[in-house]
Amino acid sequence: MEELLFIRQDVLPALLRGLRISLMLIIPSGLCGFALGVFVGALRVYGSPWVKRLTNGYVIIFRGFPLVVQLFIWYFGLPHIGIYLTPFLASVLGFTLCSAAYHSEYVRGAFQSIKGGQRLAAQALGFTKLEMIRTIILPQAFRRAVPGCGNELIYLIKYSSLAYMITCIELTGEGKVIASETFKYTEIFFMVGLIYLLLTSLATLSLRRIEDKLRIPGFDNYNP
Amino acid sequence: MLEYLTAIGDALPYLLQGSLVTIALVVGAMALGLVIGILLAVGLVYGPPYIRALFSMYVWFFRGVPLLVLLFLFYFGLFTLVGINISAFTAAVIVLGLISSAYQSQIFRGGILSLPEGQLKAARALGMSDGKAICSIVLPQALRLSIPGWSNEYSIVLKDSAIAYALGVAEVMARAHFVASRTYQHLPLYFTAGVIFLILTYMGTKALRVLEERLRIPGYMR
Amino acid sequence: MAKRILLFLVISAAMALTIGPAFSQDKVYVNGIDANFPPFAFVDKNGNPDGFDVKALDWIAKDQGFKVKHQPMDWDGIIPSLNAKKIDMIASGMSITDKRREQVNFSIPYYKITQVLVALKDSKLTVDQLLDQGNKVGVQRGTTEAKWIEENLIKKGKKNFSLLYYDSAPLAVEDVVNGRIAAAAMDDAPAKDAVKKKPVRIVGTFGMPDEDFGYAVRKADTELLDKINTGLKKLMACPYWQELKVKYELD
Amino acid sequence: MRAMGEQKEVLKVEKVTKKYASKEVVKEASLAVNEGEIKVLIGPSGGGKSTLLQCINFLVTPDKGRIWLEGKEVLHSQKKNLYEYRQKVGMIFQDFNLFDHLTALGNVEIALLKVRKMTKKDARDRAVAELERVGLRDHIRKYPAQLSGGQKQRVSIARALAMDPKVMLLDEPTSALDPELITEVHAVIKALGAEGMTMVMATHQIGFASHLADEMLFMEDGIIVETGAPAKLLLQAEYARTREFCAKLTGRYGETR
């Protein structure tokens, strides 16, 4: 009984507070990461050679450094060159840049999977390069990239749990703070885990619905 | 700049020793993930409905909860709940391995499903049992096809292993942190840790590419 | 080829899983330390655990005839780790508090620690000013000062400042130097260590009562606690104690 | 038949050359097409027919050579000029290249909307009309994957026609089709010819082409070896290679219409 009261009075409000911060981290990072990923992915396919080299380098570094390390560098490292980010901004920046690198991989694959004939046909009809990318290539590439990018979003939800390490106390951080005060690690992390499971499941379901909505007959036989 | 370089130079041997711990974490986790992942994949493709449902639940759970949360849960919870006492290192290997098994099962499942149906039929026609057919005909092909996906999974597990630092496992990231606490040279040390991971990623994926070439069957797809 | 690789992987999985327990199977006591807590506990240049508490415990172990190994741990989970038998003792600058006494037994106090605020060297602000004006103050997660500030300064709402939680005190100091936070609240000994290495100064105490450091062991391990207490008393009476204090620049 | 003097030159190609690595795939190919004329390129596979057609539309940039449309030279390095030119030249591909994410209707509409900036309603009306013209009224809502090869090629013809091309380039329009589907596409092309559409077509369907063509061009190893009226080229070609090729082809495809 006392246990329940403790959960209702102390644990739940803290976890909900953390959840709010987690969502505030995930949503902008997800959106910006995807947008940047599409941009970088397009550059990696259609850019000039040195743009390709530059963007590929970006992807190698941001996919190669563990996210924890990236976060520490954004938060504790950037001040060495005079840039001071709040924990929240540093987290969003870290998540955005890292997930954009992953998104760009899926986007690049999607662009490359589009047959050359599609470009030829659009050019033959007199499309400008920009119009061709916008109306012919992107809608197709987008559909092909959705499953991969969706997965990346799920990853992002999970990796947002790292933000507390740079003092942005979100769901996991709140859990950790209460756990270290009350020593009830098992119970608290069980609840934290459940909340994340709920979040990732919701995201998976809605992504599946989006995929269904976007489905075009004969267009889904694509293996990444 | 010079200050940074000396800080890196001083810490490098210690950090490099840490990369052995990181490698042990990753090899252990990948191996555990491989064994469980193959079982899951076979169950998911060929198993009866209840097995498929059960295995899907497993995959759903381990893909849905953050590594960090699972780490804390296993490290502290296993003892509280069932009295099993494991070290931080073991906890990290197990959790990394279980999560990876969920992802690896999807890679292997994709490999199995991409094989033409005729392969299994032909094996059955030769009088092989289903188990034998899967082990000696389906898996050798499916696993070959899975190497690129597996190599990707390796780089993910490698980077995730840095999170084990939260339990105090003295891998590269934790060591960078320890040294920084003494020397107050946070930026160069984290950066060096990052570069070590980059090199480990590169070496591992390279090795797997060599493996893929070695195992390639002439004229085989991809 | 493929089979051999598979075999290798299975064996290495098995090995990886057995390495861990192997540590705790031999009769060596494991001391959990926060390796981010100089000068009491840290990792030296060669990667070996070092620090006032580490060296003191080494002496006690030798004196009392047991073996000890120092294991860096995550600080805010260190008491659950002790109770989950992952370690056998904590000698790493741990303050004795009533809340912790509910979980573990403490040795006799061996060092009086004062909590101080650390700010930039050229900062002219006083303690009162630091804990006001909407300033941010950093603190290590899971420490007594974190808890005390929350309960006595934040929750009562007298002061106008906010608290940020760090992985370790040095990281909080790093952020003071970065200018992101006005001050870091921490034990005076690591604060002195920070002053030597970074352009910061100790501004002063902030009203938190002094605390005693003690070594923690599980409630059931009374025998071990006796050994530690006996050894500790002996050590504090011998000149090596002073030597240690000088070496690690305590006092 | 119009009198010679009235004939208007629609397309002129002069000495177009294209090299890949060191191999010259098209060597100084020249041709001119008058309004309402149909020219057919024949020749062995890999002879450069397809590359020549793609060079004409600058889908492959020629290394050398000049091209005029209705007497105006195409300055392909100027993007605006290039896009305008391409709008006036319809292209039919061997493998259709329908936009896979759009329905039959969408495929015809998209360029009207995005390139010619027509209003939605106008584009829709025009697209439906063109699809009716190629006999696909009942299939306008289907996606490419739901259409047969012959239907796909008819959609692609409708897509090109909707742009009001001055000339159509057809790159082996029926070679990717099953034999039973060829007839429906041939019928559409024939009807176009009857309406006076100017066309340049590469094909292996000699029988069909000989009835349609005003002139045939035999192309081998990147060179236009010989040109002439179908009857002349097929039966009494000057060059031995042409005769040999035509004899083989008429033998094989002679009956096909």
# chains A, B, ... in the order shown; residues from 1 in each chain; ligands from 1

call {"tool": "select_by_dssp", "arguments": {"residues": "segment 69-123 of chain B", "states": "alpha helix (DSSP H)", "output": "PyMOL selection string"}}
result
chain B and resi 69-72+78-82+88-113+118-123

call {"tool": "closest_atom_pairs", "arguments": {"of": "chain C", "to": "chain A", "cutoff": "7 Å", "atoms": "only C-alpha atoms", "output": "CSV"}}
result
residue,atom,partner,partner_atom,distance
C:Asp76,CA,A:Ser180,CA,5.4
C:Gly77,CA,A:Ser180,CA,6.0
C:Pro80,CA,A:Phe183,CA,6.2
C:Arg141,CA,A:Val177,CA,6.9
C:Gly142,CA,A:Ser180,CA,5.7
C:Leu164,CA,A:Thr167,CA,6.1
C:Tyr165,CA,A:Thr167,CA,5.2
C:Tyr166,CA,A:Thr167,CA,5.5
C:Asp167,CA,A:Met165,CA,6.3
C:Asn178,CA,A:Pro79,CA,5.7
C:Arg180,CA,A:Tyr84,CA,7.0

call {"tool": "write_last_selection", "arguments": {"atoms": "all heavy atoms", "output": "PDB file, in the first residue's frame"}}
result
ATOM      1  N   ASP C  76      26.022   6.609  -8.926  1.00  0.00           N
ATOM      2  CA  ASP C  76      24.654   6.677  -8.380  1.00  0.00           C
ATOM      3  C   ASP C  76      23.984   5.312  -8.260  1.00  0.00           C
ATOM      4  O   ASP C  76      22.899   5.217  -7.711  1.00  0.00           O
ATOM      5  CB  ASP C  76      23.776   7.718  -9.105  1.00  0.00           C
ATOM      6  CG  ASP C  76      23.773   7.540 -10.603  1.00  0.00           C
ATOM      7  OD1 ASP C  76      24.500   6.658 -11.069  1.00  0.00           O
ATOM      8  OD2 ASP C  76      23.058   8.273 -11.290  1.00  0.00           O
ATOM      9  N   GLY C  77      24.649   4.261  -8.720  1.00  0.00           N
ATOM     10  CA  GLY C  77      24.093   2.934  -8.492  1.00  0.00           C
ATOM     11  C   GLY C  77      24.973   2.115  -7.572  1.00  0.00           C
ATOM     12  O   GLY C  77      24.867   0.897  -7.522  1.00  0.00           O
ATOM     13  N   PRO C  80      23.132   0.079  -4.457  1.00  0.00           N
ATOM     14  CA  PRO C  80      22.480  -1.138  -4.958  1.00  0.00           C
ATOM     15  C   PRO C  80      23.493  -2.180  -5.427  1.00  0.00           C
ATOM     16  O   PRO C  80      23.276  -3.383  -5.236  1.00  0.00           O
ATOM     17  CB  PRO C  80      21.634  -0.637  -6.126  1.00  0.00           C
ATOM     18  CG  PRO C  80      21.382   0.792  -5.832  1.00  0.00           C
ATOM     19  CD  PRO C  80      22.577   1.290  -5.076  1.00  0.00           C
ATOM     20  N   ARG C 141      25.015  13.643  -9.766  1.00  0.00           N
ATOM     21  CA  ARG C 141      23.826  12.843  -9.464  1.00  0.00           C
ATOM     22  C   ARG C 141      24.109  11.855  -8.344  1.00  0.00           C
ATOM     23  O   ARG C 141      25.177  11.283  -8.269  1.00  0.00           O
ATOM     24  CB  ARG C 141      23.441  12.008 -10.693  1.00  0.00           C
ATOM     25  CG  ARG C 141      22.400  12.569 -11.580  1.00  0.00           C
ATOM     26  CD  ARG C 141      21.850  11.504 -12.514  1.00  0.00           C
ATOM     27  NE  ARG C 141      22.867  10.569 -12.957  1.00  0.00           N
ATOM     28  CZ  ARG C 141      23.638  10.746 -14.011  1.00  0.00           C
ATOM     29  NH1 ARG C 141      23.489  11.819 -14.760  1.00  0.00           N
ATOM     30  NH2 ARG C 141      24.547   9.870 -14.352  1.00  0.00           N
ATOM     31  N   GLY C 142      23.118  11.697  -7.468  1.00  0.00           N
ATOM     32  CA  GLY C 142      23.224  10.653  -6.459  1.00  0.00           C
ATOM     33  C   GLY C 142      24.169  10.979  -5.316  1.00  0.00           C
ATOM     34  O   GLY C 142      24.599  10.083  -4.587  1.00  0.00           O
ATOM     35  N   LEU C 164      21.490  21.418 -11.927  1.00  0.00           N
ATOM     36  CA  LEU C 164      21.757  20.527 -13.055  1.00  0.00           C
ATOM     37  C   LEU C 164      22.526  19.304 -12.566  1.00  0.00           C
ATOM     38  O   LEU C 164      23.427  19.435 -11.746  1.00  0.00           O
ATOM     39  CB  LEU C 164      22.604  21.247 -14.114  1.00  0.00           C
ATOM     40  CG  LEU C 164      21.832  21.817 -15.305  1.00  0.00           C
ATOM     41  CD1 LEU C 164      20.981  22.977 -14.863  1.00  0.00           C
ATOM     42  CD2 LEU C 164      22.792  22.247 -16.380  1.00  0.00           C
ATOM     43  N   TYR C 165      22.156  18.133 -13.102  1.00  0.00           N
ATOM     44  CA  TYR C 165      22.751  16.897 -12.598  1.00  0.00           C
ATOM     45  C   TYR C 165      23.818  16.369 -13.552  1.00  0.00           C
ATOM     46  O   TYR C 165      23.561  16.189 -14.736  1.00  0.00           O
ATOM     47  CB  TYR C 165      21.674  15.844 -12.420  1.00  0.00           C
ATOM     48  CG  TYR C 165      20.659  16.230 -11.391  1.00  0.00           C
ATOM     49  CD1 TYR C 165      19.511  16.925 -11.746  1.00  0.00           C
ATOM     50  CD2 TYR C 165      20.852  15.917 -10.046  1.00  0.00           C
ATOM     51  CE1 TYR C 165      18.574  17.292 -10.798  1.00  0.00           C
ATOM     52  CE2 TYR C 165      19.918  16.282  -9.093  1.00  0.00           C
ATOM     53  CZ  TYR C 165      18.785  16.969  -9.474  1.00  0.00           C
ATOM     54  OH  TYR C 165      17.867  17.337  -8.534  1.00  0.00           O
ATOM     55  N   TYR C 166      24.994  16.117 -13.031  1.00  0.00           N
ATOM     56  CA  TYR C 166      26.098  15.631 -13.860  1.00  0.00           C
ATOM     57  C   TYR C 166      26.481  14.217 -13.477  1.00  0.00           C
ATOM     58  O   TYR C 166      26.168  13.746 -12.385  1.00  0.00           O
ATOM     59  CB  TYR C 166      27.313  16.548 -13.714  1.00  0.00           C
ATOM     60  CG  TYR C 166      27.092  17.883 -14.370  1.00  0.00           C
ATOM     61  CD1 TYR C 166      26.409  18.897 -13.718  1.00  0.00           C
ATOM     62  CD2 TYR C 166      27.538  18.109 -15.667  1.00  0.00           C
ATOM     63  CE1 TYR C 166      26.167  20.108 -14.336  1.00  0.00           C
ATOM     64  CE2 TYR C 166      27.310  19.312 -16.287  1.00  0.00           C
ATOM     65  CZ  TYR C 166      26.626  20.315 -15.616  1.00  0.00           C
ATOM     66  OH  TYR C 166      26.392  21.506 -16.237  1.00  0.00           O
ATOM     67  N   ASP C 167      27.190  13.583 -14.403  1.00  0.00           N
ATOM     68  CA  ASP C 167      27.713  12.244 -14.177  1.00  0.00           C
ATOM     69  C   ASP C 167      28.768  12.233 -13.082  1.00  0.00           C
ATOM     70  O   ASP C 167      28.926  11.265 -12.362  1.00  0.00           O
ATOM     71  CB  ASP C 167      28.361  11.740 -15.470  1.00  0.00           C
ATOM     72  CG  ASP C 167      27.609  10.562 -16.033  1.00  0.00           C
ATOM     73  OD1 ASP C 167      26.410  10.455 -15.708  1.00  0.00           O
ATOM     74  OD2 ASP C 167      28.205   9.765 -16.764  1.00  0.00           O
ATOM     75  N   ASN C 178      33.263  26.321 -18.621  1.00  0.00           N
ATOM     76  CA  ASN C 178      32.579  26.651 -19.875  1.00  0.00           C
ATOM     77  C   ASN C 178      31.656  27.857 -19.735  1.00  0.00           C
ATOM     78  O   ASN C 178      31.205  28.410 -20.724  1.00  0.00           O
ATOM     79  CB  ASN C 178      31.732  25.467 -20.348  1.00  0.00           C
ATOM     80  CG  ASN C 178      32.588  24.348 -20.882  1.00  0.00           C
ATOM     81  OD1 ASN C 178      33.733  24.575 -21.238  1.00  0.00           O
ATOM     82  ND2 ASN C 178      32.048  23.143 -20.899  1.00  0.00           N
ATOM     83  N   ARG C 180      28.691  27.719 -18.480  1.00  0.00           N
ATOM     84  CA  ARG C 180      27.281  27.360 -18.607  1.00  0.00           C
ATOM     85  C   ARG C 180      26.572  27.416 -17.277  1.00  0.00           C
ATOM     86  O   ARG C 180      25.389  27.708 -17.211  1.00  0.00           O
ATOM     87  CB  ARG C 180      27.173  25.949 -19.155  1.00  0.00           C
ATOM     88  CG  ARG C 180      26.920  25.932 -20.617  1.00  0.00           C
ATOM     89  CD  ARG C 180      26.227  24.645 -20.961  1.00  0.00           C
ATOM     90  NE  ARG C 180      26.586  24.291 -22.318  1.00  0.00           N
ATOM     91  CZ  ARG C 180      27.560  23.438 -22.615  1.00  0.00           C
ATOM     92  NH1 ARG C 180      28.214  22.828 -21.667  1.00  0.00           N
ATOM     93  NH2 ARG C 180      27.841  23.190 -23.861  1.00  0.00           N
TER      94      ARG C 180
END

call {"tool": "interface_residues", "arguments": {"of": "chain B", "to": "chain C", "cutoff": "6 Å", "atoms": "only C-alpha atoms", "output": "PyMOL selection string"}}
result
chain B and resi 14+28+31-32+87+89-90+167-168+178+181

call {"tool": "closest_atom_pairs", "arguments": {"of": "chain B", "to": "chain A", "cutoff": "8 Å", "atoms": "only C-alpha atoms", "output": "tab-separated table"}}
result
residue	atom	partner	partner_atom	distance
B:Phe61	CA	A:Leu197	CA	7.0
B:Gly64	CA	A:Leu197	CA	4.9
B:Val65	CA	A:Leu197	CA	5.4
B:Pro66	CA	A:Lys158	CA	4.5
B:Leu67	CA	A:Lys158	CA	7.6
B:Leu68	CA	A:Ser161	CA	7.1
B:Val69	CA	A:Gly193	CA	6.1
B:Leu70	CA	A:Gly193	CA	7.3
B:Phe72	CA	A:Phe189	CA	6.9
B:Leu73	CA	A:Thr186	CA	5.7
B:Phe76	CA	A:Thr186	CA	6.2
B:Gly77	CA	A:Thr186	CA	4.6
B:Thr80	CA	A:Thr186	CA	7.2
B:Ser155	CA	A:Gly64	CA	7.6
B:Lys159	CA	A:Pro66	CA	4.5
B:Asp160	CA	A:Pro66	CA	6.7
B:Ala162	CA	A:Pro66	CA	6.6
B:Ile163	CA	A:Val68	CA	7.0
B:Met173	CA	A:Val69	CA	7.4
B:His186	CA	A:Phe76	CA	7.0
B:Leu187	CA	A:Gly77	CA	4.7
B:Tyr190	CA	A:Val69	CA	6.0
B:Phe191	CA	A:Ile73	CA	7.1
B:Ala193	CA	A:Val69	CA	7.4
B:Gly194	CA	A:Phe65	CA	4.9
B:Val195	CA	A:Phe65	CA	7.0
B:Phe197	CA	A:Phe65	CA	6.1
B:Leu198	CA	A:Gly64	CA	4.8
B:Thr201	CA	A:Gly64	CA	6.6

call {"tool": "write_last_selection", "arguments": {"atoms": "N, CA, C and O atoms", "output": "mmCIF file, in the first residue's frame"}}
result
data_model
loop_
_atom_site.group_PDB
_atom_site.id
_atom_site.type_symbol
_atom_site.label_atom_id
_atom_site.label_comp_id
_atom_site.auth_asym_id
_atom_site.auth_seq_id
_atom_site.Cartn_x
_atom_site.Cartn_y
_atom_site.Cartn_z
ATOM 1 N N PHE B 61 9.961 -6.861 -27.840
ATOM 2 C CA PHE B 61 10.434 -6.343 -26.551
ATOM 3 C C PHE B 61 11.855 -5.809 -26.660
ATOM 4 O O PHE B 61 12.139 -4.675 -26.282
ATOM 5 N N GLY B 64 12.244 -2.694 -28.549
ATOM 6 C CA GLY B 64 11.439 -1.551 -28.125
ATOM 7 C C GLY B 64 11.956 -0.820 -26.906
ATOM 8 O O GLY B 64 11.506 0.284 -26.606
ATOM 9 N N VAL B 65 12.876 -1.439 -26.163
ATOM 10 C CA VAL B 65 13.333 -0.822 -24.920
ATOM 11 C C VAL B 65 14.792 -0.365 -25.085
ATOM 12 O O VAL B 65 15.600 -1.106 -25.645
ATOM 13 N N PRO B 66 15.111 0.834 -24.618
ATOM 14 C CA PRO B 66 16.484 1.311 -24.772
ATOM 15 C C PRO B 66 17.495 0.418 -24.061
ATOM 16 O O PRO B 66 17.198 -0.136 -23.000
ATOM 17 N N LEU B 67 18.651 0.302 -24.654
ATOM 18 C CA LEU B 67 19.743 -0.466 -24.078
ATOM 19 C C LEU B 67 20.035 -0.067 -22.635
ATOM 20 O O LEU B 67 20.204 -0.909 -21.750
ATOM 21 N N LEU B 68 20.074 1.242 -22.418
ATOM 22 C CA LEU B 68 20.440 1.751 -21.103
ATOM 23 C C LEU B 68 19.469 1.238 -20.035
ATOM 24 O O LEU B 68 19.869 0.780 -18.967
ATOM 25 N N VAL B 69 18.180 1.292 -20.363
ATOM 26 C CA VAL B 69 17.151 0.859 -19.413
ATOM 27 C C VAL B 69 17.292 -0.642 -19.166
ATOM 28 O O VAL B 69 17.236 -1.098 -18.022
ATOM 29 N N LEU B 70 17.512 -1.408 -20.226
ATOM 30 C CA LEU B 70 17.679 -2.848 -20.061
ATOM 31 C C LEU B 70 18.927 -3.168 -19.234
ATOM 32 O O LEU B 70 18.916 -4.095 -18.430
ATOM 33 N N PHE B 72 20.288 -1.372 -16.805
ATOM 34 C CA PHE B 72 19.992 -1.163 -15.384
ATOM 35 C C PHE B 72 19.085 -2.269 -14.867
ATOM 36 O O PHE B 72 19.253 -2.788 -13.767
ATOM 37 N N LEU B 73 18.105 -2.618 -15.687
ATOM 38 C CA LEU B 73 17.133 -3.622 -15.279
ATOM 39 C C LEU B 73 17.807 -4.970 -15.037
ATOM 40 O O LEU B 73 17.555 -5.641 -14.047
ATOM 41 N N PHE B 76 20.693 -4.706 -11.951
ATOM 42 C CA PHE B 76 20.144 -4.664 -10.597
ATOM 43 C C PHE B 76 18.970 -5.612 -10.423
ATOM 44 O O PHE B 76 18.826 -6.257 -9.405
ATOM 45 N N GLY B 77 18.124 -5.678 -11.459
ATOM 46 C CA GLY B 77 16.869 -6.402 -11.326
ATOM 47 C C GLY B 77 17.036 -7.897 -11.205
ATOM 48 O O GLY B 77 16.363 -8.533 -10.406
ATOM 49 N N THR B 80 17.673 -8.766 -7.642
ATOM 50 C CA THR B 80 16.513 -8.534 -6.786
ATOM 51 C C THR B 80 15.436 -9.578 -7.039
ATOM 52 O O THR B 80 14.809 -10.087 -6.122
ATOM 53 N N SER B 155 28.630 -2.857 -36.450
ATOM 54 C CA SER B 155 29.021 -1.479 -36.150
ATOM 55 C C SER B 155 28.056 -0.854 -35.148
ATOM 56 O O SER B 155 28.445 -0.001 -34.356
ATOM 57 N N LYS B 159 29.212 0.439 -31.283
ATOM 58 C CA LYS B 159 28.983 1.771 -30.727
ATOM 59 C C LYS B 159 28.113 1.710 -29.478
ATOM 60 O O LYS B 159 28.316 2.455 -28.531
ATOM 61 N N ASP B 160 27.140 0.803 -29.500
ATOM 62 C CA ASP B 160 26.283 0.667 -28.318
ATOM 63 C C ASP B 160 27.081 0.227 -27.104
ATOM 64 O O ASP B 160 26.719 0.538 -25.972
ATOM 65 N N ALA B 162 29.599 1.306 -25.992
ATOM 66 C CA ALA B 162 30.079 2.473 -25.237
ATOM 67 C C ALA B 162 29.125 2.827 -24.114
ATOM 68 O O ALA B 162 29.518 3.426 -23.114
ATOM 69 N N ILE B 163 27.862 2.436 -24.266
ATOM 70 C CA ILE B 163 26.869 2.774 -23.248
ATOM 71 C C ILE B 163 27.111 1.961 -21.978
ATOM 72 O O ILE B 163 26.685 2.344 -20.888
ATOM 73 N N MET B 173 35.138 4.250 -23.583
ATOM 74 C CA MET B 173 34.445 5.478 -23.189
ATOM 75 C C MET B 173 34.610 5.749 -21.694
ATOM 76 O O MET B 173 34.898 6.872 -21.273
ATOM 77 N N HIS B 186 38.648 17.082 -21.114
ATOM 78 C CA HIS B 186 37.502 16.312 -21.613
ATOM 79 C C HIS B 186 37.457 16.198 -23.131
ATOM 80 O O HIS B 186 37.328 15.110 -23.672
ATOM 81 N N LEU B 187 37.578 17.328 -23.828
ATOM 82 C CA LEU B 187 37.382 17.301 -25.284
ATOM 83 C C LEU B 187 38.339 16.348 -26.002
ATOM 84 O O LEU B 187 37.894 15.450 -26.706
ATOM 85 N N TYR B 190 37.493 12.569 -25.185
ATOM 86 C CA TYR B 190 36.287 12.020 -25.831
ATOM 87 C C TYR B 190 36.527 11.849 -27.317
ATOM 88 O O TYR B 190 36.092 10.877 -27.930
ATOM 89 N N PHE B 191 37.223 12.821 -27.883
ATOM 90 C CA PHE B 191 37.471 12.755 -29.312
ATOM 91 C C PHE B 191 38.309 11.515 -29.656
ATOM 92 O O PHE B 191 38.007 10.785 -30.587
ATOM 93 N N ALA B 193 38.490 8.811 -27.935
ATOM 94 C CA ALA B 193 37.631 7.634 -27.787
ATOM 95 C C ALA B 193 36.827 7.427 -29.061
ATOM 96 O O ALA B 193 36.731 6.311 -29.575
ATOM 97 N N GLY B 194 36.263 8.528 -29.582
ATOM 98 C CA GLY B 194 35.478 8.426 -30.811
ATOM 99 C C GLY B 194 36.294 7.862 -31.955
ATOM 100 O O GLY B 194 35.835 6.986 -32.684
ATOM 101 N N VAL B 195 37.522 8.341 -32.074
ATOM 102 C CA VAL B 195 38.360 7.879 -33.182
ATOM 103 C C VAL B 195 38.680 6.391 -33.029
ATOM 104 O O VAL B 195 38.685 5.641 -34.003
ATOM 105 N N PHE B 197 36.766 4.178 -31.730
ATOM 106 C CA PHE B 197 35.580 3.452 -32.200
ATOM 107 C C PHE B 197 35.503 3.438 -33.717
ATOM 108 O O PHE B 197 35.149 2.427 -34.332
ATOM 109 N N LEU B 198 35.862 4.580 -34.311
ATOM 110 C CA LEU B 198 35.831 4.678 -35.771
ATOM 111 C C LEU B 198 36.765 3.633 -36.380
ATOM 112 O O LEU B 198 36.416 2.931 -37.325
ATOM 113 N N THR B 201 35.357 0.166 -35.958
ATOM 114 C CA THR B 201 34.292 -0.062 -36.937
ATOM 115 C C THR B 201 34.902 -0.429 -38.277
ATOM 116 O O THR B 201 34.509 -1.400 -38.917
#

call {"tool": "closest_atom_pairs", "arguments": {"of": "chain A", "to": "chain D", "cutoff": "10 Å", "atoms": "only C-alpha atoms", "output": "Markdown table"}}
result
| residue | atom | partner | partner_atom | distance |
| --- | --- | --- | --- | --- |
| A:Ile114 | CA | D:Asp100 | CA | 9.4 |
| A:Lys115 | CA | D:Asn97 | CA | 8.6 |
| A:Gly116 | CA | D:Asn97 | CA | 8.7 |
| A:Gly117 | CA | D:Asn97 | CA | 5.1 |
| A:Gln118 | CA | D:Asn97 | CA | 5.5 |
| A:Arg119 | CA | D:Asn97 | CA | 8.6 |
| A:Leu120 | CA | D:Leu59 | CA | 6.5 |
| A:Ala121 | CA | D:Asn97 | CA | 6.0 |
| A:Ala122 | CA | D:Ala111 | CA | 8.0 |
| A:Gln123 | CA | D:Leu59 | CA | 7.0 |
| A:Ala124 | CA | D:Arg86 | CA | 5.6 |
| A:Leu125 | CA | D:Gln87 | CA | 5.2 |
| A:Gly126 | CA | D:Tyr83 | CA | 4.5 |
| A:Phe127 | CA | D:Val115 | CA | 5.8 |
| A:Thr128 | CA | D:Tyr83 | CA | 6.6 |
| A:Lys129 | CA | D:Lys79 | CA | 9.4 |
| A:Glu131 | CA | D:Lys114 | CA | 7.1 |
| A:Met132 | CA | D:Lys114 | CA | 9.0 |
| A:Arg134 | CA | D:Lys114 | CA | 9.9 |
| A:Thr135 | CA | D:Lys114 | CA | 8.0 |
| A:Ile136 | CA | D:Phe99 | CA | 7.0 |
| A:Ile137 | CA | D:Phe99 | CA | 9.1 |
| A:Pro139 | CA | D:His101 | CA | 7.2 |
| A:Gln140 | CA | D:His101 | CA | 6.0 |
| A:Ala141 | CA | D:His101 | CA | 9.7 |
| A:Arg143 | CA | D:His101 | CA | 9.0 |
| A:Leu214 | CA | D:His101 | CA | 9.7 |
| A:Arg215 | CA | D:His101 | CA | 9.2 |
| A:Ile216 | CA | D:His101 | CA | 6.6 |
| A:Pro217 | CA | D:Ala145 | CA | 6.4 |
| A:Gly218 | CA | D:Ala145 | CA | 4.9 |
| A:Phe219 | CA | D:Asp100 | CA | 7.0 |
